[in-house]
Amino acid sequence: MVGDCYVSRLYKDGIGSAYRTAKAAAQTAFMTGISRRDFHKHYRPVCDAVANDNRFGKVVFTATNLIKRSPFLRRGVMRMTNGEQAGFATPE
Ligand SMILES: Cc1cc2nc3c(=O)[nH]c(=O)nc-3n(C[C@H](O)[C@H](O)[C@H](O)COP(=O)(O)OP(=O)(O)OC[C@H]3O[C@@H](n4cnc5c(N)ncnc54)[C@H](O)[C@@H]3O)c2cc1C
């Protein structure tokens with residue numbers, strides 16, 4: 001089971017994670033073997049890494065949604081962005 005069948009990276013990287021899980025499955029089958037143990041040792045960690053990454057992604061999306069809903073936090077982000085952009089102004 002590869003790609004969306006098992007685990008898919010959050011927000012716009014489903015193709016990347018489908019590629020990574022397919023590659024790990026193919027490498028396991030060709031280089032190691034097709035037993036349950038082989039897949040547990042070589043394929044599962046790749047899928048777990050994607051699932052772990054998604055956990056961090058969910059926290060980031062939750063924080064972003066909170067900021068979007070709060071005018072106070074939104075103003076803070078705008079002020080920070082304006083400050084950063086002012087620092088990046090190109091010299092004429
Ligand atoms: C609207 C939308 C936008 C997306 N945008 C992006 C993006 O910008 N970037 C990104 O990285 N990811 C994006 N994704 C996610 C990405 O498309 C998927 O994560 C990725 O295609 C998963 O690949 P896959 O091979 O697992 O499945 P799929 O690409 O869905 O391939 C599964 C294939 O199996 C076939 N199939 C199904 N059932 C059977 C059957 N019974 N017999 C034979 N064949 C069958 C299907 O027809 C299909 O061709 C988007 C997804 C959606 C829905």
# chains A, B, ... in the order shown; residues from 1 in each chain; ligands from 1
>>> residues_near_ligand(ligand="ligand 1", cutoff="9 Å", atoms="only C-alpha atoms and all ligand atoms", output="PyMOL selection string")
chain A and resi 1-19+22
>>> select_by_dssp(residues="chain A", states="helix (DSSP H, G or I)", output="PyMOL selection string")
chain A and resi 3-5+14-32+36-42+44-69+71-87
>>> atom_distance(atom1="atom CA of Phe88 of chain A", atom2="atom CA of Thr62 of chain A")
28.8 Å
>>> residues_around(residues="Tyr43 of chain A", least_positions_apart="5", cutoff="8 Å", atoms="only C-alpha atoms", output="CSV table (one decimal) with N, CA and C atoms, in the first residue's frame")
chain,number,residue,atom,x,y,z
A,21,THR,N,6.9,6.9,-0.6
A,21,THR,CA,6.5,5.7,-0.1
A,21,THR,C,6.6,4.6,-1.1
A,24,ALA,N,10.3,3.6,-1.3
A,24,ALA,CA,10.7,2.8,-0.2
A,24,ALA,C,10.1,1.4,-0.3
A,25,ALA,N,8.9,1.2,-0.8
A,25,ALA,CA,8.3,-0.1,-1.0
A,25,ALA,C,9.1,-0.9,-2.0
A,28,THR,N,12.5,-1.9,-0.7
A,28,THR,CA,12.4,-3.0,0.2
A,28,THR,C,12.2,-4.3,-0.5
A,38,ASP,N,10.6,-7.5,6.7
A,38,ASP,CA,11.3,-6.6,5.8
A,38,ASP,C,10.6,-5.3,5.7
>>> atom_distance(atom1="atom CA of Gln85 of chain A", atom2="atom CA of Lys58 of chain A")
27.5 Å
